[in-house]
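S.K.: PDB, C-alpha atoms, saved as structure_12.pdb, coming up:
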ATOM      1  CA  MET A   1      67.473  72.039  96.514
ATOM      2  CA  TRP A   2      67.849  75.621  97.717
ATOM      3  CA  THR A   3      66.390  74.767 101.132
ATOM      4  CA  LYS A   4      69.425  72.527 101.740
ATOM      5  CA  ASN A   5      71.663  75.556 101.554
ATOM      6  CA  PRO A   6      72.879  76.067 105.179
ATOM      7  CA  PHE A   7      72.696  79.835 104.932
ATOM      8  CA  VAL A   8      69.159  79.848 103.586
ATOM      9  CA  LEU A   9      68.248  77.449 106.423
ATOM     10  CA  LYS A  10      69.742  79.871 108.912
ATOM     11  CA  VAL A  11      67.573  82.684 107.531
ATOM     12  CA  LEU A  12      64.502  80.448 107.795
ATOM     13  CA  LYS A  13      65.432  79.456 111.370
ATOM     14  CA  LEU A  14      65.737  83.101 112.275
ATOM     15  CA  ARG A  15      62.266  83.714 110.864
ATOM     16  CA  VAL A  16      60.845  80.786 112.898
ATOM     17  CA  TYR A  17      62.552  82.209 115.982
ATOM     18  CA  TYR A  18      60.990  85.587 115.438
ATOM     19  CA  ASN A  19      57.571  83.994 114.818
ATOM     20  CA  LYS A  20      57.813  82.176 118.173
ATOM     21  CA  MET A  21      58.452  85.505 119.840
ATOM     22  CA  GLY A  22      54.883  86.459 118.950
ATOM     23  CA  PRO A  23      53.617  89.276 116.775
ATOM     24  CA  MET A  24      56.541  91.227 115.416
ATOM     25  CA  THR A  25      57.040  94.835 114.724
ATOM     26  CA  GLY A  26      58.288  95.896 111.319
ATOM     27  CA  ARG A  27      61.679  96.668 112.888
ATOM     28  CA  ALA A  28      62.012  93.159 114.313
ATOM     29  CA  ILE A  29      61.189  91.610 110.917
ATOM     30  CA  ASN A  30      63.788  93.822 109.278
ATOM     31  CA  GLN A  31      66.369  92.913 111.907
ATOM     32  CA  GLY A  32      65.700  89.220 111.354
ATOM     33  CA  ILE A  33      65.958  89.456 107.615
ATOM     34  CA  ASN A  34      69.063  91.643 107.864
ATOM     35  CA  ARG A  35      70.792  89.199 110.187
ATOM     36  CA  GLY A  36      69.898  86.343 107.853
ATOM     37  CA  LEU A  37      71.230  88.244 104.901
ATOM     38  CA  MET A  38      74.411  89.032 106.782
ATOM     39  CA  LYS A  39      74.888  85.310 107.431
ATOM     40  CA  LEU A  40      74.337  84.702 103.727
ATOM     41  CA  LEU A  41      77.030  87.262 103.052
ATOM     42  CA  GLY A  42      79.301  85.242 105.305
ATOM     43  CA  ALA A  43      79.486  82.715 102.467
ATOM     44  CA  ASN A  44      81.300  85.385 100.523
ATOM     45  CA  MET A  45      84.125  85.468 103.054
ATOM     46  CA  GLN A  46      85.619  82.250 101.699
ATOM     47  CA  GLY A  47      85.290  83.593  98.184
ATOM     48  CA  GLU A  48      86.899  86.840  99.307
ATOM     49  CA  ILE A  49      89.888  84.967 100.778
ATOM     50  CA  ILE A  50      90.343  82.873  97.606
ATOM     51  CA  TYR A  51      90.038  85.975  95.412
ATOM     52  CA  SER A  52      92.560  87.930  97.515
ATOM     53  CA  PHE A  53      94.910  84.959  97.540
ATOM     54  CA  ILE A  54      94.838  84.719  93.716
ATOM     55  CA  ILE A  55      95.525  88.416  93.211
ATOM     56  CA  ILE A  56      98.205  88.706  95.926
ATOM     57  CA  ALA A  57      99.930  85.498  94.756
ATOM     58  CA  CYS A  58      99.886  86.618  91.097
ATOM     59  CA  SER A  59     101.215  90.076  91.994
ATOM     60  CA  LEU A  60     104.014  88.719  94.175
ATOM     61  CA  MET A  61     104.951  86.095  91.591
ATOM     62  CA  ILE A  62     105.233  88.864  88.986
ATOM     63  CA  TYR A  63     107.272  90.993  91.411
ATOM     64  CA  PHE A  64     109.722  88.261  92.390
ATOM     65  CA  GLY A  65     109.714  86.628  88.941
ATOM     66  CA  THR A  66     111.112  89.792  87.379
ATOM     67  CA  LYS A  67     113.666  90.437  90.131
ATOM     68  CA  GLU A  68     116.582  88.937  88.209
ATOM     69  CA  LEU A  69     115.762  90.877  85.047
ATOM     70  CA  TYR A  70     115.823  94.095  87.045
ATOM     71  CA  ASN A  71     119.018  93.198  88.927
ATOM     72  CA  LEU A  72     120.768  92.501  85.646
ATOM     73  CA  THR A  73     119.586  95.572  83.781
ATOM     74  CA  SER A  74     118.456  98.250  86.313
ATOM     75  CA  HIS A  75     115.941  99.114  83.584
ATOM     76  CA  LYS A  76     113.546 101.817  84.761
ATOM     77  CA  GLY A  77     110.562 100.336  82.921
ATOM     78  CA  ILE A  78     111.062  96.975  84.648
ATOM     79  CA  LYS A  79     111.468  98.780  87.986
ATOM     80  CA  TYR A  80     108.134 100.629  87.665
ATOM     81  CA  PHE A  81     106.398  97.496  86.353
ATOM     82  CA  ARG A  82     107.614  95.495  89.364
ATOM     83  CA  GLN A  83     106.738  98.223  91.833
ATOM     84  CA  SER A  84     103.242  98.409  90.398
ATOM     85  CA  PHE A  85     102.606  94.754  91.225
ATOM     86  CA  LEU A  86     104.157  95.097  94.667
ATOM     87  CA  PHE A  87     101.722  97.934  95.342
ATOM     88  CA  PHE A  88      98.851  95.851  93.923
ATOM     89  CA  ALA A  89      99.752  93.072  96.377
ATOM     90  CA  LEU A  90      99.905  95.513  99.304
ATOM     91  CA  ALA A  91      96.673  97.231  98.281
ATOM     92  CA  TYR A  92      94.956  93.870  97.986
ATOM     93  CA  PHE A  93      96.226  92.819 101.374
ATOM     94  CA  PHE A  94      94.603  95.860 102.963
ATOM     95  CA  ARG A  95      91.504  95.436 100.808
ATOM     96  CA  SER A  96      90.978  91.859 101.990
ATOM     97  CA  PHE A  97      91.729  92.961 105.552
ATOM     98  CA  ILE A  98      88.940  95.561 105.341
ATOM     99  CA  LYS A  99      86.542  93.059 103.750
ATOM    100  CA  ILE A 100      87.225  90.366 106.346
ATOM    101  CA  ILE A 101      86.608  92.812 109.208
ATOM    102  CA  LEU A 102      83.353  93.910 107.546
ATOM    103  CA  TYR A 103      82.187  90.304 107.188
ATOM    104  CA  TYR A 104      83.413  89.171 110.591
ATOM    105  CA  PHE A 105      81.796  91.958 112.596
ATOM    106  CA  GLU A 106      78.821  92.147 110.253
ATOM    107  CA  VAL A 107      79.167  95.859 109.702
ATOM    108  CA  SER A 108      78.680  97.768 106.480
ATOM    109  CA  GLU A 109      81.183 100.602 107.009
ATOM    110  CA  LEU A 110      84.582 100.220 108.588
ATOM    111  CA  MET A 111      85.138 103.927 109.190
ATOM    112  CA  ASN A 112      81.962 104.162 111.309
ATOM    113  CA  PHE A 113      82.746 100.918 113.147
ATOM    114  CA  LEU A 114      86.414 101.656 113.975
ATOM    115  CA  PRO A 115      86.938 105.354 113.231
ATOM    116  CA  PHE A 116      90.697 105.673 113.857
ATOM    117  CA  PHE A 117      91.846 102.207 112.773
ATOM    118  CA  GLY A 118      89.405 102.170 109.848
ATOM    119  CA  SER A 119      90.546 105.575 108.626
ATOM    120  CA  ILE A 120      94.212 104.570 108.650
ATOM    121  CA  THR A 121      93.470 101.280 106.855
ATOM    122  CA  PHE A 122      91.416 103.119 104.195
ATOM    123  CA  PHE A 123      94.118 105.743 103.774
ATOM    124  CA  ILE A 124      96.821 103.084 103.229
ATOM    125  CA  PHE A 125      94.572 101.082 100.902
ATOM    126  CA  MET A 126      93.756 104.113  98.757
ATOM    127  CA  TYR A 127      97.385 105.250  98.626
ATOM    128  CA  PHE A 128      98.674 101.813  97.582
ATOM    129  CA  SER A 129      95.838 101.351  95.076
ATOM    130  CA  SER A 130      96.463 104.674  93.376
ATOM    131  CA  MET A 131     100.219 104.157  93.336
ATOM    132  CA  ALA A 132      99.850 100.666  91.833
ATOM    133  CA  ILE A 133      97.922 102.138  88.912
ATOM    134  CA  PHE A 134     100.270 105.108  88.557
ATOM    135  CA  TYR A 135     103.348 102.878  88.526
ATOM    136  CA  LEU A 136     101.857 100.655  85.818
ATOM    137  CA  LEU A 137     100.941 103.723  83.804
ATOM    138  CA  TYR A 138     104.413 105.168  84.281
ATOM    139  CA  SER A 139     106.099 101.908  83.247
ATOM    140  CA  VAL A 140     104.778 102.387  79.690
ATOM    141  CA  MET A 141     105.217 106.170  79.462
ATOM    142  CA  TRP A 142     108.441 106.893  81.394
ATOM    143  CA  LYS A 143     110.524 107.155  78.215
ATOM    144  CA  LYS A 144     108.317 109.946  76.875
ATOM    145  CA  CYS A 145     108.305 111.902  80.135
ATOM    146  CA  LYS A 146     110.829 114.710  79.986
ATOM    147  CA  PHE A 147     110.089 115.842  83.525
ATOM    148  CA  LYS A 148     111.972 113.453  85.782
ATOM    149  CA  TYR A 149     110.002 114.146  88.969
ATOM    150  CA  VAL A 150     106.704 112.785  87.586
ATOM    151  CA  ILE A 151     106.763 109.895  90.029
ATOM    152  CA  TYR A 152     106.833 112.351  92.981
ATOM    153  CA  ILE A 153     103.778 114.063  91.512
ATOM    154  CA  PHE A 154     102.066 110.667  91.340
ATOM    155  CA  HIS A 155     102.911 110.061  95.016
ATOM    156  CA  PHE A 156     101.446 113.453  95.861
ATOM    157  CA  ILE A 157      98.252 112.764  93.858
ATOM    158  CA  ALA A 158      97.889 109.332  95.506
ATOM    159  CA  LEU A 159      98.243 110.903  98.964
ATOM    160  CA  ALA A 160      95.757 113.628  98.002
ATOM    161  CA  ILE A 161      93.224 111.016  96.804
ATOM    162  CA  ALA A 162      93.635 109.021 100.033
ATOM    163  CA  ALA A 163      93.266 112.168 102.159
ATOM    164  CA  THR A 164      90.189 113.333 100.220
ATOM    165  CA  ILE A 165      88.508 109.973 100.803
ATOM    166  CA  LEU A 166      89.046 110.413 104.557
ATOM    167  CA  ILE A 167      88.057 114.068 104.764
ATOM    168  CA  PHE A 168      84.866 113.857 102.695
ATOM    169  CA  ARG A 169      83.056 110.791 103.938
ATOM    170  CA  ASN A 170      80.503 110.979 101.210
ATOM    171  CA  GLN A 171      79.666 108.270  98.693
ATOM    172  CA  ASN A 172      79.098 110.787  95.885
ATOM    173  CA  ILE A 173      82.593 112.190  96.463
ATOM    174  CA  TYR A 174      84.020 108.632  96.378
ATOM    175  CA  LEU A 175      82.320 107.990  93.047
ATOM    176  CA  LEU A 176      83.391 111.351  91.641
ATOM    177  CA  ILE A 177      87.039 110.791  92.624
ATOM    178  CA  ASN A 178      87.075 107.342  91.061
ATOM    179  CA  VAL A 179      85.401 108.547  87.855
ATOM    180  CA  LEU A 180      87.948 111.402  87.614
ATOM    181  CA  PHE A 181      90.734 108.934  88.341
ATOM    182  CA  LEU A 182      89.528 106.630  85.562
ATOM    183  CA  VAL A 183      89.174 109.523  83.088
ATOM    184  CA  PHE A 184      92.707 110.722  83.888
ATOM    185  CA  ILE A 185      94.180 107.219  83.518
ATOM    186  CA  SER A 186      92.270 106.532  80.288
ATOM    187  CA  TYR A 187      93.340 109.861  78.778
ATOM    188  CA  THR A 188      97.030 109.395  79.693
ATOM    189  CA  PHE A 189      96.959 105.805  78.573
ATOM    190  CA  PHE A 190      95.383 106.436  75.177
ATOM    191  CA  THR A 191      97.662 109.424  74.558
ATOM    192  CA  SER A 192     100.604 107.127  75.239
ATOM    193  CA  TYR A 193      99.131 104.482  72.907
ATOM    194  CA  LYS A 194      98.471 107.038  70.133
ATOM    195  CA  ASP A 195     102.053 108.333  70.291
ATOM    196  CA  GLN A 196     103.451 104.857  69.859
ATOM    197  CA  LYS A 197     105.470 104.351  66.711
ATOM    198  CA  LYS A 198     104.788 100.639  66.403
ATOM    199  CA  LYS A 199     101.204  99.715  67.173
ATOM    200  CA  LYS A 200     101.815  96.042  67.597
ATOM    201  CA  SER A 201     100.815  95.625  71.202
ATOM    202  CA  HIS A 202      97.188  96.744  71.374
ATOM    203  CA  ASN A 203      96.506  93.484  73.242
ATOM    204  CA  LEU A 204      98.658  94.716  76.112
ATOM    205  CA  TYR A 205      96.962  98.113  76.133
ATOM    206  CA  PHE A 206      93.572  96.418  76.173
ATOM    207  CA  ILE A 207      94.633  94.176  79.100
ATOM    208  CA  TYR A 208      95.991  97.183  81.016
ATOM    209  CA  PHE A 209      92.872  99.204  80.329
ATOM    210  CA  MET A 210      90.682  96.350  81.599
ATOM    211  CA  LEU A 211      92.940  96.066  84.655
ATOM    212  CA  PHE A 212      92.482  99.787  85.394
ATOM    213  CA  VAL A 213      88.698  99.637  84.931
ATOM    214  CA  PHE A 214      88.250  96.562  87.114
ATOM    215  CA  TRP A 215      90.649  97.915  89.715
ATOM    216  CA  ILE A 216      88.465 101.034  89.979
ATOM    217  CA  PHE A 217      85.456  98.720  90.429
ATOM    218  CA  ASN A 218      87.351  97.000  93.249
ATOM    219  CA  ILE A 219      88.008 100.354  94.916
ATOM    220  CA  ILE A 220      84.346 101.365  94.577
ATOM    221  CA  ASP A 221      83.350  97.974  95.995
ATOM    222  CA  ILE A 222      85.358  98.762  99.132
ATOM    223  CA  LEU A 223      84.346 102.403  99.493
ATOM    224  CA  ILE A 224      80.661 101.886  98.701
ATOM    225  CA  PRO A 225      79.966  98.215  99.555
ATOM    226  CA  THR A 226      76.366  98.285  98.311
ATOM    227  CA  ALA A 227      77.102  99.879  94.931
ATOM    228  CA  LEU A 228      78.326  96.847  92.995
ATOM    229  CA  LYS A 229      77.140  93.960  95.162
ATOM    230  CA  ALA A 230      75.128  92.405  92.330
ATOM    231  CA  TYR A 231      78.174  92.322  90.063
ATOM    232  CA  GLN A 232      80.724  91.267  92.690
ATOM    233  CA  LEU A 233      81.274  87.739  91.380
ATOM    234  CA  PHE A 234      81.646  89.041  87.831
ATOM    235  CA  ILE A 235      84.195  91.672  88.967
ATOM    236  CA  TYR A 236      86.147  89.071  90.943
ATOM    237  CA  LEU A 237      86.269  86.609  88.046
ATOM    238  CA  ILE A 238      87.360  89.183  85.468
ATOM    239  CA  SER A 239      89.936  90.733  87.837
ATOM    240  CA  SER A 240      91.430  87.326  88.648
ATOM    241  CA  GLY A 241      91.480  86.484  84.936
ATOM    242  CA  ILE A 242      93.371  89.692  84.112
ATOM    243  CA  PHE A 243      96.019  89.110  86.811
ATOM    244  CA  LEU A 244      96.434  85.462  85.762
ATOM    245  CA  LEU A 245      96.823  86.542  82.134
ATOM    246  CA  ILE A 246      99.547  89.069  83.028
ATOM    247  CA  LEU A 247     101.285  86.445  85.176
ATOM    248  CA  TYR A 248     101.130  83.988  82.263
ATOM    249  CA  LYS A 249     102.692  86.580  79.937
ATOM    250  CA  VAL A 250     105.454  87.301  82.479
ATOM    251  CA  ILE A 251     106.231  83.609  83.034
ATOM    252  CA  LYS A 252     106.239  82.998  79.276
ATOM    253  CA  LYS A 253     108.868  85.702  78.814
ATOM    254  CA  THR A 254     110.989  85.188  81.912
ATOM    255  CA  GLY A 255     110.870  81.422  81.974
TER     256      GLY A 255
ATOM    257  CA  MET B   1     120.977 102.623  64.012
ATOM    258  CA  LYS B   2     121.753 103.897  67.496
ATOM    259  CA  ARG B   3     122.285 101.132  70.034
ATOM    260  CA  ASN B   4     120.503 101.316  73.346
ATOM    261  CA  LYS B   5     122.167 100.834  76.713
ATOM    262  CA  LEU B   6     121.277  97.148  77.021
ATOM    263  CA  GLU B   7     122.644  96.401  73.547
ATOM    264  CA  ILE B   8     125.901  98.250  74.249
ATOM    265  CA  ILE B   9     126.426  96.284  77.477
ATOM    266  CA  ARG B  10     125.635  93.053  75.624
ATOM    267  CA  ASP B  11     128.179  93.957  72.905
ATOM    268  CA  ILE B  12     130.926  94.780  75.428
ATOM    269  CA  LEU B  13     130.313  91.535  77.335
ATOM    270  CA  LYS B  14     130.310  89.528  74.094
ATOM    271  CA  ILE B  15     133.684  90.965  73.144
ATOM    272  CA  VAL B  16     135.058  89.972  76.559
ATOM    273  CA  GLN B  17     133.501  86.494  76.261
ATOM    274  CA  GLU B  18     134.902  85.907  72.772
ATOM    275  CA  ASN B  19     138.389  86.949  73.848
ATOM    276  CA  ARG B  20     138.240  85.223  77.254
ATOM    277  CA  THR B  21     140.609  87.914  78.616
ATOM    278  CA  ILE B  22     141.107  91.300  77.093
ATOM    279  CA  ARG B  23     142.922  94.511  77.990
ATOM    280  CA  PRO B  24     140.953  97.771  78.321
ATOM    281  CA  THR B  25     142.367  99.474  75.203
ATOM    282  CA  PRO B  26     141.450  96.720  72.695
ATOM    283  CA  LEU B  27     138.060  96.442  74.403
ATOM    284  CA  LEU B  28     137.486 100.172  73.910
ATOM    285  CA  ARG B  29     138.511  99.914  70.251
ATOM    286  CA  LYS B  30     136.295  96.899  69.546
ATOM    287  CA  SER B  31     133.267  98.310  71.334
ATOM    288  CA  ASN B  32     132.891 101.221  68.864
ATOM    289  CA  LEU B  33     132.303 103.792  71.576
ATOM    290  CA  SER B  34     133.885 107.099  72.423
ATOM    291  CA  SER B  35     136.258 106.857  75.368
ATOM    292  CA  SER B  36     133.940 108.857  77.626
ATOM    293  CA  ARG B  37     130.951 106.636  76.840
ATOM    294  CA  PHE B  38     133.059 103.513  77.139
ATOM    295  CA  LYS B  39     134.237 104.636  80.577
ATOM    296  CA  GLU B  40     130.645 105.192  81.635
ATOM    297  CA  TYR B  41     129.556 101.690  80.548
ATOM    298  CA  TYR B  42     132.716 100.033  81.757
ATOM    299  CA  THR B  43     132.255 101.491  85.254
ATOM    300  CA  GLU B  44     128.703 100.185  85.260
ATOM    301  CA  ILE B  45     129.556  96.628  84.220
ATOM    302  CA  LEU B  46     132.386  96.600  86.730
ATOM    303  CA  GLU B  47     130.145  97.835  89.555
ATOM    304  CA  LYS B  48     127.500  95.264  88.641
ATOM    305  CA  LYS B  49     130.188  92.586  88.677
ATOM    306  CA  PHE B  50     129.573  91.517  85.077
ATOM    307  CA  VAL B  51     133.336  91.563  84.530
ATOM    308  CA  LYS B  52     136.355  91.365  86.793
ATOM    309  CA  GLU B  53     139.788  92.866  86.498
ATOM    310  CA  SER B  54     142.961  90.947  87.175
ATOM    311  CA  TYR B  55     146.406  92.413  87.442
ATOM    312  CA  GLY B  56     149.355  90.467  86.048
ATOM    313  CA  LYS B  57     151.749  92.152  83.698
ATOM    314  CA  ASN B  58     148.865  94.256  82.448
ATOM    315  CA  LYS B  59     145.316  94.916  83.530
ATOM    316  CA  GLU B  60     143.151  92.129  82.113
ATOM    317  CA  ILE B  61     139.380  91.934  81.949
ATOM    318  CA  THR B  62     137.465  88.642  82.179
ATOM    319  CA  LEU B  63     133.779  87.835  82.190
ATOM    320  CA  ASP B  64     132.250  87.125  85.605
ATOM    321  CA  GLU B  65     129.325  84.774  86.375
ATOM    322  CA  LYS B  66     126.841  87.630  86.399
ATOM    323  CA  GLY B  67     128.064  88.731  82.993
ATOM    324  CA  VAL B  68     127.516  85.216  81.622
ATOM    325  CA  ARG B  69     124.011  85.297  83.124
ATOM    326  CA  TYR B  70     123.329  88.641  81.437
ATOM    327  CA  LEU B  71     124.303  87.212  78.057
ATOM    328  CA  GLU B  72     122.163  84.128  78.643
ATOM    329  CA  LYS B  73     119.165  86.206  79.686
ATOM    330  CA  TYR B  74     119.597  88.988  77.123
ATOM    331  CA  THR B  75     117.024  87.637  74.645
ATOM    332  CA  ALA B  76     114.488  87.112  77.446
ATOM    333  CA  ILE B  77     115.124  90.633  78.783
ATOM    334  CA  ILE B  78     114.556  92.265  75.394
ATOM    335  CA  SER B  79     111.522  90.117  74.722
ATOM    336  CA  PHE B  80     110.059  91.040  78.137
ATOM    337  CA  ILE B  81     110.667  94.772  77.646
ATOM    338  CA  ASP B  82     109.126  94.562  74.186
ATOM    339  CA  GLU B  83     106.099  92.569  75.372
ATOM    340  CA  PHE B  84     105.196  95.021  78.146
ATOM    341  CA  GLU B  85     106.294  98.172  76.281
ATOM    342  CA  LEU B  86     108.640  99.084  79.135
TER     343      LEU B  86
END
I'd like the structure from this file rewritten - as structure tokens, please.
M.R.:
Amino acid sequence: MWTKNPFVLKVLKLRVYYNKMGPMTGRAINQGINRGLMKLLGANMQGEIIYSFIIIACSLMIYFGTKELYNLTSHKGIKYFRQSFLFFALAYFFRSFIKIILYYFEVSELMNFLPFFGSITFFIFMYFSSMAIFYLLYSVMWKKCKFKYVIYIFHFIALAIAATILIFRNQNIYLLINVLFLVFISYTFFTSYKDQKKKKSHNLYFIYFMLFVFWIFNIIDILIPTALKAYQLFIYLISSGIFLLILYKVIKKTG
Amino acid sequence: MKRNKLEIIRDILKIVQENRTIRPTPLLRKSNLSSSRFKEYYTEILEKKFVKESYGKNKEITLDEKGVRYLEKYTAIISFIDEFEL
């Protein structure tokens, strides 16, 4: 059955082609296998487009679905909640843009392939990603924040994260930043949950926590493409599930 | 129990809806707010076009379409805010 797979056949054809070329060097074999594998990865492009479409559509539906509620109330919590999903949609747009370029040109790192354009795209992606998470975090804790300029601090941190990613082009730094980011979010989030008077909505906190964790995985997947390749499908399925669940909850409440 | 901003606006709009047209002074009295707080909320609902003023013999306040929409959506708004802890 597996030999009918067009991508596997392409890999085999490449091998036959290299065999016809006569005795191969180790480098030639590697090149052949790498090209074949890259073609196999091409199958992921369709999946990538579907995945991006689901997340962007869910985020925009949440954003526009809550527009009337915000227009009627000007409630700050609704404003931050909406902005979070707008930023998720924008971040995902840039994420899928990066992924499609990587697949199309068969390159593993955008910043090496297109230094200026790649750097700007990464900077925007990281800024939007961080802000999406910060806005969602702030939507549940804004009432407890006495300092009214917190959101400007979040913008500054998001810009600093994006700049750090560009300045230190090192995978260990990427991982460290994301781990620190996750620790900071988890700490703030659980502090906010602990301070809650009525602990009725632990489901929501669990969903948000899962969203944060899987969003970090998505960021790592873009910054270090090889790190989570084996778990990519799992990450995509869970992430889509979380966004669909939030959309369902929003639709249920807004009608 | 202290009412929040959304509840106060709902209460003011309900008073206007129940009376169809009402003058500012009875509205202030029925809304159970201090005059400074009432002014603050009244300016907001006027700016948001929840109510409109008409001038005949006296200044009269009537509910506008957006105000009706607010009252219709109020339960959904509260439920949404509660659901997402906003």
S.K.: Give me the residues of chain B that have any atom at most 8 Å from an atom of chain A; for each, the nearest atom pair and the distance in Å, rounded to one decimal. Use all atoms listed in the file, sort by chain and number, and format it as a tab-separated table.
M.R.:
residue	atom	partner	partner_atom	distance
B:Leu6	CA	A:Thr73	CA	7.1
B:Lys48	CA	A:Leu72	CA	7.9
B:Lys66	CA	A:Leu72	CA	7.8
B:Tyr70	CA	A:Leu72	CA	6.3
B:Lys73	CA	A:Leu69	CA	7.9
B:Ala76	CA	A:Lys253	CA	6.0
B:Ile77	CA	A:Leu69	CA	6.3
B:Ser79	CA	A:Lys253	CA	6.6
B:Phe80	CA	A:Lys253	CA	5.5
B:Ile81	CA	A:Ile78	CA	7.4
B:Glu83	CA	A:Ser201	CA	7.4
B:Phe84	CA	A:Leu204	CA	6.9
B:Glu85	CA	A:Val140	CA	5.6
B:Leu86	CA	A:Gly77	CA	4.4
S.K.: Neighbours of Glu53 in chain B within 12 Å (all atoms listed in the file; same-chain residues fewer than 4 positions away dropped), as a list in words?
M.R.: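 Near Glu53 in chain B, the qualifying residues are Val16, Thr21, Ile22, Arg23, Pro24, Tyr42, Thr43, Ile45, Leu46, Glu47, Lys49, Asn58, Lys59, Glu60, Ile61, Thr62, Leu63 and Asp64 of chain B.
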S.K.: Filtering to C-alpha atoms, could you give me those residues as a PDB file, keeping the file's coordinate frame?
M.R.:
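Wrote out.pdb, looks like this:
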ATOM      1  CA  VAL B  16     135.058  89.972  76.559  1.00  0.00           C
ATOM      2  CA  THR B  21     140.609  87.914  78.616  1.00  0.00           C
ATOM      3  CA  ILE B  22     141.107  91.300  77.093  1.00  0.00           C
ATOM      4  CA  ARG B  23     142.922  94.511  77.990  1.00  0.00           C
ATOM      5  CA  PRO B  24     140.953  97.771  78.321  1.00  0.00           C
ATOM      6  CA  TYR B  42     132.716 100.033  81.757  1.00  0.00           C
ATOM      7  CA  THR B  43     132.255 101.491  85.254  1.00  0.00           C
ATOM      8  CA  ILE B  45     129.556  96.628  84.220  1.00  0.00           C
ATOM      9  CA  LEU B  46     132.386  96.600  86.730  1.00  0.00           C
ATOM     10  CA  GLU B  47     130.145  97.835  89.555  1.00  0.00           C
ATOM     11  CA  LYS B  49     130.188  92.586  88.677  1.00  0.00           C
ATOM     12  CA  ASN B  58     148.865  94.256  82.448  1.00  0.00           C
ATOM     13  CA  LYS B  59     145.316  94.916  83.530  1.00  0.00           C
ATOM     14  CA  GLU B  60     143.151  92.129  82.113  1.00  0.00           C
ATOM     15  CA  ILE B  61     139.380  91.934  81.949  1.00  0.00           C
ATOM     16  CA  THR B  62     137.465  88.642  82.179  1.00  0.00           C
ATOM     17  CA  LEU B  63     133.779  87.835  82.190  1.00  0.00           C
ATOM     18  CA  ASP B  64     132.250  87.125  85.605  1.00  0.00           C
TER      19      ASP B  64
END
S.K.: How many Å lie between CA of Leu90 in chain A and CA of Ala230 in chain A, rounded to one decimal?
M.R.: 25.9 Å
S.K.: Env of Glu44 in chain B: 12 Å cut, atoms = all atoms listed in the file, seq-sep filter 5 positions within chain, self excluded. Answer as a CSV table (one decimal) with C-alpha atoms, in the coordinates of the input.
M.R.:
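As a result, result_12.csv now contains:
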chain,number,residue,atom,x,y,z
A,72,LEU,CA,120.8,92.5,85.6
A,73,THR,CA,119.6,95.6,83.8
A,74,SER,CA,118.5,98.2,86.3
B,5,LYS,CA,122.2,100.8,76.7
B,6,LEU,CA,121.3,97.1,77.0
B,8,ILE,CA,125.9,98.2,74.2
B,9,ILE,CA,126.4,96.3,77.5
B,12,ILE,CA,130.9,94.8,75.4
B,13,LEU,CA,130.3,91.5,77.3
B,37,ARG,CA,131.0,106.6,76.8
B,38,PHE,CA,133.1,103.5,77.1
B,39,LYS,CA,134.2,104.6,80.6
B,49,LYS,CA,130.2,92.6,88.7
B,50,PHE,CA,129.6,91.5,85.1
B,51,VAL,CA,133.3,91.6,84.5
B,52,LYS,CA,136.4,91.4,86.8
B,67,GLY,CA,128.1,88.7,83.0
S.K.: Quick one, how far is CA of Phe156 in chain A from CA of Phe134 in chain A?
M.R.: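 Between CA of Phe156 in chain A and CA of Phe134 in chain A the gap works out to 11.2 Å.
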S.K.: Name the residues that the PyMOL selection byres ((chain A and resi 244) around 10) pulls out of this structure, and write them as a short mmCIF file (atom, residue, chain, number, x, y, z; two decimals) with C-alpha atoms, in the coordinates of the input.
M.R.:
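Resulting contents of expr-v4.cif:
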data_model
loop_
_atom_site.label_atom_id
_atom_site.label_comp_id
_atom_site.auth_asym_id
_atom_site.auth_seq_id
_atom_site.Cartn_x
_atom_site.Cartn_y
_atom_site.Cartn_z
CA ILE A 54 94.84 84.72 93.72
CA ILE A 55 95.52 88.42 93.21
CA ALA A 57 99.93 85.50 94.76
CA CYS A 58 99.89 86.62 91.10
CA SER A 59 101.22 90.08 91.99
CA ILE A 62 105.23 88.86 88.99
CA ILE A 238 87.36 89.18 85.47
CA SER A 239 89.94 90.73 87.84
CA SER A 240 91.43 87.33 88.65
CA GLY A 241 91.48 86.48 84.94
CA ILE A 242 93.37 89.69 84.11
CA PHE A 243 96.02 89.11 86.81
CA LEU A 245 96.82 86.54 82.13
CA ILE A 246 99.55 89.07 83.03
CA LEU A 247 101.28 86.44 85.18
CA TYR A 248 101.13 83.99 82.26
CA LYS A 249 102.69 86.58 79.94
CA VAL A 250 105.45 87.30 82.48
#
S.K.: List as a short mmCIF file (atom, residue, chain, number, x, y, z; two decimals) with C-alpha atoms, in the frame of the given file the protein and nucleic acid residues near Ser52 in chain A, meaning an atom at most 9 Å away when all atoms listed in the file are counted, but skip any in the same chain fewer than 2 places from it.
M.R.:
data_model
loop_
_atom_site.label_atom_id
_atom_site.label_comp_id
_atom_site.auth_asym_id
_atom_site.auth_seq_id
_atom_site.Cartn_x
_atom_site.Cartn_y
_atom_site.Cartn_z
CA GLY A 47 85.29 83.59 98.18
CA GLU A 48 86.90 86.84 99.31
CA ILE A 49 89.89 84.97 100.78
CA ILE A 50 90.34 82.87 97.61
CA ILE A 54 94.84 84.72 93.72
CA ILE A 55 95.52 88.42 93.21
CA ILE A 56 98.20 88.71 95.93
CA ALA A 57 99.93 85.50 94.76
CA ALA A 89 99.75 93.07 96.38
CA TYR A 92 94.96 93.87 97.99
CA PHE A 93 96.23 92.82 101.37
CA ARG A 95 91.50 95.44 100.81
CA SER A 96 90.98 91.86 101.99
CA SER A 240 91.43 87.33 88.65
#
S.K.: Please tell me which residues are no farther than 12 Å from (94.7, 104.6, 75.7) in the file, counting only C-alpha atoms, and write them as a PyMOL selection string.
M.R.: chain A and resi 137+140-141+182-196+199+201-210+212
S.K.: To one decimal place, how far is CA of Tyr127 in chain A from CA of Leu159 in chain A in Å?
M.R.: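 According to the coordinates, CA of Tyr127 in chain A and CA of Leu159 in chain A are separated by 5.7 Å.
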